[in-house]
$ cat my_file25.cif   # mmCIF, C-alpha atoms
data_entry
#
loop_
_atom_site.label_atom_id
_atom_site.label_comp_id
_atom_site.auth_asym_id
_atom_site.auth_seq_id
_atom_site.Cartn_x
_atom_site.Cartn_y
_atom_site.Cartn_z
CA MET A 1 17.81 10.55 54.93
CA GLN A 2 14.49 10.50 53.13
CA ALA A 3 12.27 7.44 53.19
CA GLN A 4 13.02 5.28 50.18
CA ALA A 5 10.18 4.20 47.93
CA GLU A 6 9.84 1.65 45.16
CA SER A 7 6.28 1.39 44.00
CA LYS A 8 4.17 2.20 40.98
CA HIS A 9 1.73 3.82 43.39
CA SER A 10 2.36 7.40 44.48
CA SER A 11 2.42 7.89 48.24
CA GLU A 12 0.30 10.96 47.62
CA GLY A 13 -2.47 8.81 46.17
CA GLY A 14 -3.58 7.26 49.42
CA GLY A 15 -5.66 4.12 49.41
CA ARG A 16 -8.58 2.27 50.88
CA ALA A 17 -8.93 1.47 54.57
CA VAL A 18 -11.70 0.07 56.73
CA ARG A 19 -12.70 2.58 59.41
CA LEU A 20 -15.22 2.80 62.22
CA ARG A 21 -16.61 6.21 63.11
CA SER A 22 -18.62 4.65 65.94
CA PHE A 23 -18.03 1.48 67.93
CA GLY A 24 -20.25 -1.46 67.12
CA GLY A 25 -20.62 -4.62 65.09
CA PRO A 26 -20.13 -5.31 61.38
CA GLU A 27 -22.68 -2.62 60.53
CA ALA A 28 -20.20 0.01 61.78
CA LEU A 29 -17.50 -0.99 59.28
CA GLU A 30 -16.96 1.38 56.36
CA VAL A 31 -14.44 1.52 53.52
CA HIS A 32 -12.86 4.96 53.09
CA GLN A 33 -10.22 6.56 50.91
CA VAL A 34 -7.48 7.79 53.26
CA PRO A 35 -4.16 9.59 52.84
CA ALA A 36 -1.12 7.36 52.46
CA PRO A 37 0.83 6.91 55.71
CA GLU A 38 4.57 7.56 55.48
CA ALA A 39 7.29 5.36 56.95
CA GLY A 40 9.16 7.28 59.65
CA PRO A 41 12.53 6.42 61.22
CA GLY A 42 12.70 2.72 62.07
CA GLN A 43 9.48 1.96 60.19
CA VAL A 44 8.45 0.24 56.97
CA ARG A 45 5.36 0.75 54.87
CA VAL A 46 3.62 -2.32 53.49
CA ARG A 47 1.30 -2.45 50.52
CA VAL A 48 -1.15 -5.02 51.87
CA THR A 49 -2.33 -7.84 49.62
CA ALA A 50 -4.30 -9.85 52.19
CA ALA A 51 -5.61 -9.34 55.73
CA GLY A 52 -6.79 -12.17 57.98
CA LEU A 53 -9.71 -11.72 60.38
CA ASN A 54 -9.78 -12.82 64.03
CA PRO A 55 -12.41 -12.67 66.80
CA MET A 56 -10.41 -9.99 68.62
CA ASP A 57 -10.87 -7.65 65.66
CA TRP A 58 -14.57 -7.17 66.25
CA VAL A 59 -14.44 -7.77 70.01
CA MET A 60 -12.10 -4.86 70.70
CA THR A 61 -14.03 -2.41 68.51
CA ALA A 62 -17.49 -3.41 69.76
CA ASP A 63 -17.68 -0.76 72.50
CA ALA A 64 -15.73 2.15 73.92
CA ASP A 65 -14.67 0.48 77.17
CA THR A 66 -13.16 -2.54 75.44
CA ALA A 67 -11.49 -0.36 72.82
CA ALA A 68 -9.91 1.79 75.53
CA ARG A 69 -8.22 -1.28 77.02
CA PHE A 70 -6.41 -1.69 73.70
CA GLY A 71 -5.60 2.00 73.42
CA LEU A 72 -8.05 2.53 70.56
CA THR A 73 -10.02 5.73 69.97
CA LEU A 74 -12.37 6.85 67.21
CA PRO A 75 -12.06 6.95 64.29
CA VAL A 76 -10.36 3.57 64.32
CA GLY A 77 -9.24 1.04 61.74
CA PHE A 78 -9.97 -2.68 61.67
CA GLY A 79 -8.07 -5.96 61.56
CA THR A 80 -4.60 -6.90 62.75
CA ASP A 81 -3.12 -9.68 60.58
CA TYR A 82 -1.66 -8.64 57.24
CA ALA A 83 0.62 -9.79 54.43
CA GLY A 84 2.02 -7.85 51.52
CA VAL A 85 5.06 -6.18 50.01
CA ILE A 86 7.23 -3.42 51.46
CA ASP A 87 7.08 -0.32 49.30
CA GLN A 88 8.83 2.20 51.57
CA VAL A 89 11.45 2.05 54.31
CA GLY A 90 12.31 4.73 56.82
CA GLU A 91 15.64 6.01 58.06
CA GLY A 92 17.72 3.54 60.03
CA VAL A 93 15.89 0.41 58.87
CA THR A 94 18.06 -2.62 58.24
CA GLY A 95 17.09 -6.10 57.11
CA PHE A 96 14.13 -4.93 55.02
CA ALA A 97 13.96 -3.32 51.59
CA PRO A 98 11.31 -2.25 49.08
CA GLY A 99 10.01 -5.32 47.26
CA ASP A 100 10.36 -7.70 50.23
CA ARG A 101 7.36 -9.95 50.86
CA VAL A 102 6.35 -9.66 54.51
CA PHE A 103 3.64 -10.49 57.04
CA GLY A 104 2.87 -9.47 60.59
CA GLY A 105 0.53 -7.49 62.82
CA ALA A 106 -0.80 -3.93 62.75
CA LEU A 107 -3.27 -3.55 65.61
CA SER A 108 -6.72 -2.54 64.34
CA ARG A 109 -5.44 -1.09 61.06
CA ALA A 110 -4.50 -4.04 58.84
CA VAL A 111 -7.51 -4.02 56.50
CA ALA A 112 -6.10 -1.24 54.37
CA ASP A 113 -4.09 -0.83 51.21
CA LEU A 114 -1.15 0.61 53.15
CA VAL A 115 0.06 0.06 56.73
CA VAL A 116 3.12 1.37 58.54
CA VAL A 117 4.79 -0.82 61.17
CA ASP A 118 7.89 -0.80 63.33
CA ALA A 119 10.66 -2.78 61.61
CA ARG A 120 11.83 -3.99 65.04
CA GLY A 121 8.38 -4.50 66.56
CA ASP A 122 7.88 -7.74 68.43
CA THR A 123 4.18 -7.87 69.30
CA ALA A 124 1.11 -8.49 67.18
CA ALA A 125 0.23 -4.83 67.60
CA ASP A 126 3.18 -3.75 65.50
CA GLU A 127 5.50 -6.25 63.79
CA VAL A 128 6.87 -7.40 60.46
CA HIS A 129 8.51 -10.65 59.30
CA HIS A 130 9.85 -11.91 56.00
CA THR A 131 7.43 -14.25 54.23
CA PRO A 132 9.26 -17.46 53.27
CA GLU A 133 9.17 -18.82 49.75
CA GLY A 134 6.43 -21.40 49.57
CA VAL A 135 4.01 -19.43 51.78
CA ASP A 136 1.38 -17.49 49.82
CA ASP A 137 0.11 -14.12 51.02
CA ARG A 138 -3.36 -15.35 52.00
CA THR A 139 -1.81 -17.95 54.28
CA ALA A 140 0.76 -15.50 55.66
CA ALA A 141 -2.08 -13.12 56.50
CA THR A 142 -3.59 -15.66 58.90
CA LEU A 143 -0.55 -16.30 61.07
CA THR A 144 0.07 -13.51 63.54
CA ILE A 145 -2.76 -13.51 66.09
CA ALA A 146 -3.75 -17.18 65.92
CA GLY A 147 -0.20 -18.48 65.52
CA ARG A 148 1.14 -16.41 68.39
CA THR A 149 -1.77 -17.43 70.64
CA ALA A 150 -1.43 -21.14 69.88
CA ALA A 151 2.33 -21.12 70.45
CA ALA A 152 1.97 -19.21 73.74
CA ALA A 153 -0.74 -21.55 75.01
CA LEU A 154 1.17 -24.71 74.17
CA ALA A 155 4.28 -23.30 75.84
CA VAL A 156 2.23 -22.82 79.03
CA LEU A 157 1.33 -26.51 78.97
CA GLY A 158 5.00 -27.38 78.64
CA SER A 159 6.08 -25.13 81.49
CA GLY A 160 3.54 -26.86 83.69
CA SER A 161 5.20 -30.20 82.96
CA GLY A 162 8.67 -28.97 83.82
CA ALA A 163 9.81 -30.15 80.39
CA HIS A 164 12.05 -28.21 78.07
CA SER A 165 10.07 -26.60 75.27
CA ASN A 166 10.20 -28.07 71.78
CA PRO A 167 10.33 -24.96 69.50
CA GLY A 168 8.23 -23.22 72.17
CA LEU A 169 5.55 -25.90 72.12
CA GLY A 170 6.15 -27.63 75.43
CA LEU A 171 4.56 -30.96 74.53
CA GLY A 172 6.03 -34.31 73.55
CA PRO A 173 5.31 -37.92 72.58
CA ASP A 174 4.30 -38.82 76.13
CA ASP A 175 1.45 -36.30 76.09
CA THR A 176 -2.22 -36.71 75.27
CA VAL A 177 -3.72 -33.24 75.07
CA LEU A 178 -7.40 -32.32 74.99
CA ILE A 179 -8.05 -29.18 72.91
CA GLY A 180 -11.44 -27.52 73.20
CA GLY A 181 -12.55 -25.59 70.14
CA ALA A 182 -9.95 -27.43 68.08
CA GLY A 183 -11.41 -26.52 64.70
CA GLY A 184 -11.37 -22.76 65.16
CA GLY A 185 -8.83 -20.17 64.08
CA VAL A 186 -6.41 -20.81 66.95
CA GLY A 187 -7.23 -24.50 67.09
CA VAL A 188 -6.01 -25.02 63.52
CA PHE A 189 -2.53 -24.06 64.73
CA ALA A 190 -2.67 -25.60 68.20
CA VAL A 191 -3.68 -29.05 66.95
CA GLN A 192 -1.00 -29.22 64.28
CA LEU A 193 1.78 -27.77 66.45
CA ALA A 194 0.98 -30.27 69.20
CA ARG A 195 1.03 -33.11 66.68
CA ILE A 196 4.34 -31.91 65.24
CA ALA A 197 5.72 -31.98 68.78
CA GLY A 198 4.68 -35.64 68.96
CA ALA A 199 1.62 -35.37 71.21
CA ARG A 200 -1.63 -37.21 70.73
CA VAL A 201 -4.48 -34.71 70.29
CA ILE A 202 -8.16 -35.12 71.12
CA GLY A 203 -10.13 -32.17 69.80
CA THR A 204 -13.65 -31.05 70.66
CA GLY A 205 -16.09 -29.79 68.07
CA SER A 206 -19.53 -30.36 66.61
CA ALA A 207 -20.41 -33.70 65.06
CA ALA A 208 -20.28 -32.01 61.65
CA SER A 209 -16.68 -30.91 62.23
CA ALA A 210 -15.29 -34.42 62.78
CA ASP A 211 -13.72 -34.78 59.34
CA HIS A 212 -12.21 -31.29 59.59
CA LEU A 213 -10.60 -32.18 62.94
CA ARG A 214 -9.25 -35.45 61.58
CA SER A 215 -7.71 -33.59 58.65
CA LEU A 216 -5.75 -31.48 61.15
CA GLY A 217 -4.51 -34.56 63.02
CA ALA A 218 -6.93 -34.56 65.96
CA GLU A 219 -9.17 -37.36 67.16
CA PRO A 220 -12.62 -35.72 67.23
CA VAL A 221 -14.96 -35.74 70.20
CA THR A 222 -18.24 -33.84 70.38
CA TYR A 223 -18.51 -31.08 72.96
CA GLY A 224 -21.42 -30.70 75.39
CA ASP A 225 -22.90 -32.82 78.16
CA GLY A 226 -21.01 -36.05 78.70
CA LEU A 227 -17.71 -34.71 77.35
CA THR A 228 -15.71 -36.19 80.23
CA ASP A 229 -17.08 -39.69 79.62
CA ARG A 230 -16.46 -39.47 75.87
CA VAL A 231 -12.85 -38.38 76.40
CA ARG A 232 -12.32 -41.13 78.97
CA ALA A 233 -13.58 -43.68 76.43
CA LEU A 234 -11.14 -42.37 73.81
CA ALA A 235 -8.21 -42.20 76.21
CA PRO A 236 -8.74 -44.67 79.07
CA GLU A 237 -5.11 -44.19 80.08
CA GLY A 238 -5.86 -40.52 80.73
CA ILE A 239 -4.91 -37.15 79.30
CA THR A 240 -1.89 -35.16 80.41
CA ALA A 241 -2.78 -31.62 79.34
CA ALA A 242 -5.69 -29.53 78.11
CA LEU A 243 -6.19 -26.32 76.19
CA ASP A 244 -9.55 -24.52 76.20
CA LEU A 245 -9.86 -22.21 73.19
CA HIS A 246 -13.56 -21.53 73.54
CA GLY A 247 -14.76 -21.12 77.12
CA VAL A 248 -14.59 -23.27 80.25
CA ASP A 249 -16.12 -26.67 79.45
CA THR A 250 -12.79 -28.21 78.46
CA VAL A 251 -11.22 -26.93 81.67
CA HIS A 252 -13.90 -28.60 83.77
CA ALA A 253 -13.57 -31.87 81.84
CA ALA A 254 -9.79 -31.85 82.23
CA ARG A 255 -10.05 -31.30 85.96
CA GLU A 256 -12.52 -34.18 86.25
CA LEU A 257 -10.01 -36.34 84.37
CA GLY A 258 -7.28 -35.49 86.86
CA VAL A 259 -5.20 -33.01 84.86
CA PRO A 260 -3.40 -30.60 87.22
CA ASP A 261 -4.24 -26.92 86.78
CA ALA A 262 -0.65 -26.16 85.78
CA ARG A 263 -1.14 -28.24 82.62
CA ILE A 264 -4.43 -26.62 81.64
CA CYS A 265 -4.55 -23.35 79.73
CA THR A 266 -7.30 -20.99 78.61
CA ILE A 267 -7.35 -18.14 76.12
CA ALA A 268 -11.00 -17.00 76.26
CA ALA A 269 -11.82 -17.18 79.98
CA GLN A 270 -10.24 -16.73 83.38
CA ILE A 271 -10.52 -19.49 85.96
CA GLU A 272 -8.81 -19.30 89.33
CA GLY A 273 -5.75 -21.51 89.40
CA VAL A 274 -5.67 -22.11 85.64
CA PRO A 275 -3.03 -20.21 83.65
CA ALA A 276 -4.19 -18.13 80.70
CA ALA A 277 -2.25 -17.45 77.52
CA ASN A 278 -1.97 -14.35 75.39
CA GLY A 279 -0.33 -14.10 72.00
CA ALA A 280 1.79 -11.21 73.29
CA ASN A 281 3.63 -13.77 75.42
CA ALA A 282 4.68 -15.99 72.52
CA ALA A 283 8.37 -16.83 72.51
CA PRO A 284 10.66 -14.85 70.21
CA GLY A 285 10.83 -16.54 66.84
CA ALA A 286 7.50 -18.37 67.25
CA LEU A 287 6.00 -16.87 64.09
CA GLU A 288 9.10 -17.53 62.02
CA GLU A 289 9.01 -21.14 63.21
CA ILE A 290 5.36 -21.50 62.19
CA ALA A 291 5.99 -19.90 58.80
CA ALA A 292 8.94 -22.24 58.23
CA LEU A 293 6.76 -25.26 59.05
CA ILE A 294 4.22 -24.10 56.48
CA ALA A 295 6.92 -23.54 53.87
CA ALA A 296 8.20 -27.07 54.53
CA GLY A 297 4.72 -28.53 54.06
CA ARG A 298 4.46 -29.70 57.67
CA LEU A 299 1.63 -27.35 58.70
CA ARG A 300 -1.28 -26.04 56.69
CA VAL A 301 -3.80 -23.28 57.29
CA PRO A 302 -7.27 -23.90 55.83
CA VAL A 303 -8.66 -20.66 54.40
CA ALA A 304 -12.41 -21.05 54.64
CA ALA A 305 -13.39 -17.95 52.67
CA THR A 306 -11.97 -14.87 50.98
CA PHE A 307 -13.70 -11.54 50.36
CA PRO A 308 -12.83 -8.25 48.64
CA ILE A 309 -12.48 -5.28 50.97
CA ASP A 310 -15.85 -3.91 49.84
CA GLU A 311 -17.49 -6.96 51.44
CA ILE A 312 -15.87 -6.45 54.85
CA ARG A 313 -19.22 -6.48 56.65
CA ARG A 314 -20.22 -9.84 55.17
CA ALA A 315 -16.78 -11.28 55.90
CA THR A 316 -16.90 -10.13 59.52
CA GLU A 317 -20.41 -11.50 60.00
CA LEU A 318 -19.19 -14.90 58.80
CA GLN A 319 -16.14 -14.82 61.05
CA ALA A 320 -18.10 -13.56 64.07
CA ALA A 321 -20.60 -16.43 63.79
CA ARG A 322 -17.74 -18.66 65.05
CA HIS A 323 -18.79 -21.66 62.96
CA VAL A 324 -16.33 -21.19 60.12
CA ARG A 325 -13.77 -23.98 59.68
CA GLY A 326 -10.50 -22.23 59.11
CA LYS A 327 -9.64 -18.61 58.46
CA VAL A 328 -11.43 -15.74 56.75
CA VAL A 329 -9.24 -13.47 54.60
CA ILE A 330 -9.78 -10.09 52.95
CA ASP A 331 -8.10 -9.65 49.56
CA LEU A 332 -6.78 -6.20 48.72
#

$ encode --input "my_file25.cif" --output "structure tokens"
Amino acid sequence: MQAQAESKHSSEGGGRAVRLRSFGGPEALEVHQVPAPEAGPGQVRVRVTAAGLNPMDWVMTADADTAARFGLTLPVGFGTDYAGVIDQVGEGVTGFAPGDRVFGGALSRAVADLVVVDARGDTAADEVHHTPEGVDDRTAATLTIAGRTAAAALAVLGSGSGAHSNPGLGLGPDDTVLIGGAGGGVGVFAVQLARIAGARVIGTGSAASADHLRSLGAEPVTYGDGLTDRVRALAPEGITAALDLHGVDTVHAARELGVPDARICTIAAQIEGVPAANGANAAPGALEEIAALIAAGRLRVPVAATFPIDEIRRATELQAARHVRGKVVIDL
């Protein structure tokens, strides 16, 4: 059975894709015309309309040793989160058809006009999901890495409490959770998912980010020296869990406030005794749940900036500065 196609674009025409011919920072990113990939058995091809950027995109292509840990070799693509429309399906694919709006992950190859992914893939490296009505492509293109990571981290906090998870979140109305780096790409999801689960959220950030944190549902507290005292003043009855999305300062504050290690989680550092979370460990269905919450108007994703593919270097520089409030998206 030949791959089925439904597109005004010829598969022979190829398309644009961001490539690196040497590892490095934004200066190594180049836009190239490349041959069109073809959907093989069990695969679908997506014509990408938007690709969301994440810190891991530039971290894992910064040097050869890091890239090797992700199985990447030169020349390599860039970006993982995508959204678009299926324009080709391979033999044996069920549940997807040309014309379907979809989103998902394509490890270090998403910033491209065309990507091929496994129709049954279940990790951010290679996955595809239907985009619900009510979720636009720019928003859908921000979900995979950050959404998976937030859901996995919150589930760790729940497992430490011995409680049953609430759509994989693991928090409830009896919880007060401290989230470090609450205004960042993962924090946007973590704060809102924790609030949806009924928890009170205290989020760290700069003084200038206070209104942004409040808009997400967090009570803002400035990071830095004296964090423990400021949190204690906000929550004199104590906090029950903590999530550090930036480094280690939130972990140290949580320990000083008496939170057991089992109810602390990190994503950007490793600390003995403290569990770490990875988006690959998100529960099955976590992304569909997040997308459904967005479609229902219960969760929103602030898109801080959008760029055309030709401005990929400028977009990555903005994202890599780590001060952007919300997500950065490439339009294709």

$ resolve_selection --input "my_file25.cif" --expression "the PyMOL selection byres ((chain A and resi 77) around 12)" --output "JSON, numbers by chain"
{"A": [16, 17, 18, 19, 20, 21, 22, 23, 28, 29, 30, 31, 32, 34, 57, 58, 60, 61, 67, 72, 73, 74, 75, 76, 78, 79, 80, 106, 107, 108, 109, 110, 111, 112, 113, 114, 115]}

$ residues_around --input "my_file25.cif" --residues "Val188 (chain A)" --least-positions-apart "5" --cutoff "8 Å" --atoms "all atoms listed in the file" --output "ChimeraX atom specification"
/A:182-183,216,301-302,326

$ closest_residue --input "my_file25.cif" --among "A:Ile290, A:Ala152, A:Ala39, A:Leu143" --to "Pro98 (chain A)" --atoms "all atoms listed in the file"
A:Ala39

$ resolve_selection --input "my_file25.cif" --expression "the PyMOL selection byres ((chain A and resi 243-247) around 7)" --output "number ranges by chain"
A: 178-181, 242, 248-251, 264-269

$ resolve_selection --input "my_file25.cif" --expression "the PyMOL selection byres ((chain A and resi 234-238) around 9)" --output "JSON, numbers by chain"
{"A": [176, 202, 219, 221, 229, 230, 231, 232, 233, 239, 240, 257, 258, 259]}

$ closest_residue --input "my_file25.cif" --among "A:Arg300, A:Phe96, A:Ala50, A:Ala254" --to "Val191 (chain A)" --atoms "only C-alpha atoms"
A:Arg300

$ atom_distance --input "my_file25.cif" --atom1 "CA of Pro220 (chain A)" --atom2 "CA of Ser206 (chain A)"
8.8 Å

$ residues_around --input "my_file25.cif" --residues "region 42-44 of chain A" --least-positions-apart "4" --cutoff "8 Å" --atoms "only C-alpha atoms" --output "number ranges by chain"
A: 86-93, 96, 116-120

$ residues_near_point --input "my_file25.cif" --point "(-14.8, -7.0, 52.9)" --cutoff "10 Å" --atoms "only C-alpha atoms" --output "list in words"
Val18, Leu29, Glu30, Val31, Ala51, Val111, Thr306, Phe307, Pro308, Ile309, Asp310, Glu311, Ile312, Arg313, Arg314, Ala315, Thr316, Val329, Ile330, Asp331 and Leu332 of chain A

$ closest_residue --input "my_file25.cif" --among "A:Asn54, A:Asp126, A:Leu293, A:Gly187" --to "His212 (chain A)" --atoms "all atoms listed in the file"
A:Gly187

$ atom_distance --input "my_file25.cif" --atom1 "CA of Phe103 (chain A)" --atom2 "CA of Asp81 (chain A)"
7.7 Å

$ closest_residue --input "my_file25.cif" --among "A:Arg195, A:Ala291, A:Pro260, A:Thr49" --to "Glu133 (chain A)" --atoms "only C-alpha atoms"
A:Ala291

$ atom_distance --input "my_file25.cif" --atom1 "CA of Ala62 (chain A)" --atom2 "CA of Gln319 (chain A)"
14.4 Å

$ residues_around --input "my_file25.cif" --residues "Leu287 (chain A)" --least-positions-apart "6" --cutoff "9 Å" --atoms "all atoms listed in the file" --output "list in words"
Gly104, His129, Leu143, Thr144, Gly147, Arg148 and Ala151 of chain A
